[in-house]
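Peer 1: The structure that follows is given in the form of structure tokens.
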Amino acid sequence: MSKLVVLKFGEGSFEQGFAVTLEIGEEGERATTEITGKLPSFPEMPLYYSHWQSSYRQIGNRYRLHADKMQVTNVSMIQDCENASHILRARFNTWLRAEEFRPLREKWLERLSSTEEMRVILQTENSQLQLLPWHLWDLLERYPKAEIALSSPSYDRIHKPRTKNQLVNILAIVGNSQGIDTQADQALLQQCTNAEVTFLVEPQRKELTDHLWGKNWDILFFAGHSSSKKNGESGRIYLNKTDSLSIGELKYALRNAIENGLQLAIFNSCDGLGLARELADLQIPQMIIMREPVPDQVAKEFLKYFLEGFASGESLYQAVRQGRERLQGLEDKFPCATWLPMICQNPAQMPPTWIELRSTKTEDIPNLALSTRHRFTTTLLSSLAITAFVCGARLLGMLENPEIQAFDLMMRQRPVEAIDSRLLVITIDDNDLAIQRKNNESLIGASISEKSLNKLLAKLDQYQPRAIGLDIYRDFKAKEPDLITRLQKTQNLIGVCKGSDATVNIPGNEPPPEIPKTNLGFSDFIHDRDGVIRRHLLFMHQEATSLCPAPLAFSLQLASLYLRPSGIEPKFTSQGNLQLGKTIFPNLKSRTGGYQNIDANGGQILLNYRSPKQIAEQVKLTQFLSSPINPSAIKDKIVLIGVVAKEDSPDTWSTPYGVPLNEQMPGVLVQAQMVSQILSAVQDGRPLLRVWSLWAEVVWIWGWSLVGGVLAWRKLSSPWLALVVSITSSLLYLVCFGLLISGAWVPFVPSALSLVITVGLMSIYNSTTKVRVASGE
């Protein structure tokens with residue numbers, strides 16, 4: 001009996017290492033052996049793979065090309081690729097021989113015989129782990145009857161109603177054939193015994209979907225151009241010279257095909273990992289893909305070898321391994337050809353043999369027709385299904401953009417609040433910069449000269465503000481002795497620095513060297529994918545390479561200094577949330593409200609803007625230095641100093657208030673919004689923006705789906721039904737808007753979508769039921 005070996009990778013990264021679980025058992029039975037271990041950190045591993053990938057692609061294997069069109073005559077490129085592959089293989093196996101991983105390796109050797117046939121499944125969501133050449137693992141190479149497959153940790157078994165077959169039904173899609181010898185692929189498929197092959201040559205989108213819906217297929221085959229994007233997160237196939245499709249654009253047709261018995265998808269095309277990841281979400285049983293761009297001759301030879309083995313009775317895994325290893329004879333012209341074919345597996349499904357594809361037993365398909373006497377049951381089940389669909393689309397991030405756009409619209413429509421009297425903002429505009437230059441004051445490296453800054457701090461000190469925030473980078477030493485002394489001894493002065501950004505290899509900005517470290521705060525903002533600031537970063541762990549040592553935000557440092565006379569100091573709860581007095585600031589999670597899979601590192605909260613225009617009293621630098629000051633305008637307040645200039649090194653940011661008009665807010669005013677949010681929450685009880693739990697949101701969406709079902713059962717005419725749905729959707733918007741004002745961001749777009757879909761589908765159901773009753777069915 002064959003063995004099933006599963007390697008499960010938990011959360012982790014190449015910088016932190018991975019937790020690994022090894023399971024060993026008989027095929028079709030529960031695992032009898034389980035052991036946990038760890039692979040240590042190895043941050044250089046993705047770089048080794050990237051270097052090999054780059055050298056491989058430089059050879060000319062970008063697409064399935066004819067051999068005479070490839071740059072294989074460049075011997076140095078081939079040698080570079082081979083050298084990179086040897087280095088990657090050596091480093092990869094060194095990593096897998098790490099001491100922390102040894103217990104799993106020894107358990108493998110103890111429990112598994114080299115003569116046994118086995119399937120090895122690697123379960124991980126990490127796309128970089130999936131790309132690594134696991135077939136080169138020295139341990140795996142000891143087992144000639146083993147082959148490894150990739151799998152997602154999330155999977156489900158689909159019970160497929162099928163009719164008994166006499167032939168293996170293959171749908172062969174021949175896509176854009178420019179530069180590809182697809183005739184060879186078609187000839188190989190036609191030679192398969194006991195198979196019926198339907199060819200779609202450069203089809204239109206509708207033709208393809210009609211075929212996927214129209215027949216129960218066993219194997220889906222694709223030859224042509226394909227590509228993956230976002231590190232293998234998504235993929236596209238090119239149907240013809242003008243049309244290309246993602247798996248998402250074929251989702252419904254493919255899901256129908258899978259539910260009707262599709263067992264295997266073969267993508268004999270380039271760069272298929274993105275296709276595999278998207279198809280895995282549809283619970284397809286098995287896939288065979290190419291990890292990288294594949295030369296045309298390699299693609300043809302693999303298909304020939306695989307079909308020979310599989311159709312003659314070999315198991316799917318053995319047929320893939322034999323087909324893959326036979327490509328070694330081409331590696332003098334096509335380096336690393338044996339690296340390309342990969343299996344992607346749904347662990348809940350058993351790989352079928354060729355014979356099993358021809359002899360699947362018939363299962364009864366339940367009759368789902370419901371009579372009009374079961375309205376409640378129909379509405380309930382329909383609303384549940386629609387809610388599951390909408391929530392699934394939401395979790396996949398398909399509704400994130402419209403949800404955030406609705407959030408921005410509601411933010412802009414909120415009543416304008418009064419300015420925060422605890423703050424004063426001293427601004428430096430273009431005129432202030434021009435006046436300093438006119439007075440021959442040096443502005444090298446800053447937006448305020450040392451003379452003006454010294455004069456400004458001296459004047460502020462006379463009126464005793466509770467905190468001063470200098471929102472200006474000064475990553476250099478001051479030259480004037482008076483300024484140096486003032487920066488060092490002004491105890492209520494908070495300076496800024498900027499943390500590093502590893503994604504773009506930016507080390508950040510150093511703080512002013514004269515200001516003590518305890519009086520520093522980072523100025524980093526978190527913006528969403530569209531560049532808009534909707535989140536407030538309160539604290540974070542600075543990276544080791546960061547030039548900024550501050551763990552707390554500039555806004556938090558200022559607010560803490562203001563609250564200190566009241567006996568309020570920042571502390572952290574056992575859950576890692578910031579607490580000021582009795583107010584707790586709960587950290588955002590990666591899935592929060594309309595956000596799906598955001599980077600939630602550090603202490604983040606939603607930014608509850610106070611006002612789109614005037615957050616606090618503002619005074620220009622020149623005006624402040626040259627005019628008499630009302631002491632009450634400064635005493636015991638927070639004074640922020642920052643740049644609002646538009647022409648000279650502007651510091652502006654996108655906010656929800658500027659989205660439709662593309663207006664931006666100066667950084668110092670964004671900081672003022674953040675300081676005001678903290679103080680207002682602690683001292684005034686102003687609500688923080690929060691979201692409901694996942695299950696509460698699901699129930700909320702389901703409730704509006706039920707409302708849609710009730711509206712549909714009223715059997716109104718189409719114009720009246722459209723009017724009622726519009727009124728109900730407007731009411732939903734008003735409810736969500738009112739909840740946002742009170743501090744709760746609840747799902748509007750998913751709720752409205754579930755409402756409309758339920759009304760539409762139930763109306764169609766009512767119409768078909770009416771026709772059946774009228775016809776006497």
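Letters A, B, ... mark the chains of the structure tokens in the order given; residue numbers begin at 1 per chain; ligand numbers begin at 1, in order shown.
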So that I can check the secondary structure, give me every residue of range 320-550 of chain A assigned strand (DSSP E) by backbone DSSP, as JSON, numbers by chain.
Peer 2: {"A": [341, 342, 343, 344, 345, 423, 424, 425, 426, 427, 428, 467, 468, 469, 470, 493, 494, 495, 496, 497, 520, 521, 522, 526, 527, 533, 534, 535, 536, 537, 538, 539]}
Peer 1: Among range 427-503 of chain A, which ones does DSSP place in alpha helix (DSSP H), written as an MDAnalysis selection string?
Peer 2: chainID A and resid 430:438 450:462 481:489
Peer 1: Restricting the calculation to only C-alpha atoms, which member of A:Val691, A:Leu47, A:Ala84, A:Ala184 is positioned closest to Leu606 in chain A?
Peer 2: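 Looking only at the distances to Leu606 in chain A, the closest residue turns out to be A:Val691.
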Peer 1: Within 12 Å of Pro144 in chain A, counting only C-alpha atoms, which residues qualify if same-chain residues fewer than 5 places away don't, as an MDAnalysis selection string?
Peer 2: chainID A and resid 113:119 135 138:139 317:318 321:322 325
Peer 1: Quick one: residues within 12 Å of Ile634 in chain A, only C-alpha atoms, excluding same-chain residues fewer than 4 positions away - as an mmCIF file with C-alpha atoms, in the first residue's frame?
Peer 2:
data_model
loop_
_atom_site.group_PDB
_atom_site.id
_atom_site.type_symbol
_atom_site.label_atom_id
_atom_site.label_comp_id
_atom_site.auth_asym_id
_atom_site.auth_seq_id
_atom_site.Cartn_x
_atom_site.Cartn_y
_atom_site.Cartn_z
ATOM 1 C CA SER A 421 -8.923 74.349 21.386
ATOM 2 C CA ARG A 422 -6.080 72.356 22.928
ATOM 3 C CA LEU A 423 -3.957 72.751 19.811
ATOM 4 C CA LEU A 424 -2.169 75.565 18.024
ATOM 5 C CA VAL A 425 -0.439 74.999 14.679
ATOM 6 C CA ILE A 426 2.383 77.287 13.578
ATOM 7 C CA LYS A 459 9.149 83.084 22.272
ATOM 8 C CA LEU A 460 7.093 79.954 22.895
ATOM 9 C CA ASP A 461 8.940 79.329 26.141
ATOM 10 C CA GLN A 462 7.698 82.690 27.482
ATOM 11 C CA TYR A 463 4.043 81.572 27.182
ATOM 12 C CA GLN A 464 4.462 78.088 28.725
ATOM 13 C CA PRO A 465 2.850 75.651 26.266
ATOM 14 C CA ARG A 466 2.403 72.176 27.677
ATOM 15 C CA ALA A 467 4.032 70.506 24.657
ATOM 16 C CA ILE A 468 5.824 71.613 21.509
ATOM 17 C CA GLU A 617 -6.105 77.515 15.272
ATOM 18 C CA GLN A 618 -3.290 78.257 12.824
ATOM 19 C CA VAL A 619 -0.768 81.083 12.671
ATOM 20 C CA PHE A 624 3.954 84.698 15.058
ATOM 21 C CA ILE A 629 0.763 87.158 21.244
ATOM 22 C CA ASN A 630 -2.267 86.522 23.425
ATOM 23 C CA ILE A 638 0.074 71.732 22.350
ATOM 24 C CA VAL A 639 1.919 73.731 19.714
ATOM 25 C CA LEU A 640 2.781 71.969 16.451
#
Peer 1: Quick one: residues within 6 Å of range 232-246 of chain A, only C-alpha atoms, excluding same-chain residues fewer than 4 positions away - as number ranges by chain?
Peer 2: A: 175-176, 202, 225-228, 273-275
Peer 1: What would the file look like if the residues just selected were written as a compact mmCIF listing (two decimals), in the first residue's frame with N, CA and C atoms?
Peer 2:
# COMPACT_ATOMS: atom_id res chain seq x y z
N GLY A 175 -4.83 27.90 -26.91
CA GLY A 175 -4.94 29.35 -26.86
C GLY A 175 -4.11 30.03 -27.93
N ASN A 176 -3.73 31.25 -27.68
CA ASN A 176 -2.92 32.04 -28.61
C ASN A 176 -1.69 31.24 -29.01
N GLU A 202 -8.08 28.62 -30.19
CA GLU A 202 -8.21 30.06 -30.03
C GLU A 202 -9.67 30.49 -29.90
N HIS A 225 -0.11 30.58 -24.39
CA HIS A 225 0.59 31.52 -23.54
C HIS A 225 -0.18 31.71 -22.24
N SER A 226 0.54 31.78 -21.14
CA SER A 226 -0.04 32.11 -19.84
C SER A 226 1.03 32.85 -19.03
N SER A 227 0.60 33.47 -17.96
CA SER A 227 1.52 34.23 -17.11
C SER A 227 0.97 34.33 -15.71
N SER A 228 1.87 34.60 -14.77
CA SER A 228 1.48 34.81 -13.37
C SER A 228 1.92 36.20 -12.95
N LEU A 273 2.00 29.07 -11.69
CA LEU A 273 1.70 29.03 -10.26
C LEU A 273 0.52 29.92 -9.91
N GLY A 274 0.39 31.08 -10.56
CA GLY A 274 -0.75 31.94 -10.29
C GLY A 274 -2.06 31.27 -10.67
N LEU A 275 -2.08 30.55 -11.80
CA LEU A 275 -3.28 29.80 -12.19
C LEU A 275 -3.62 28.75 -11.15
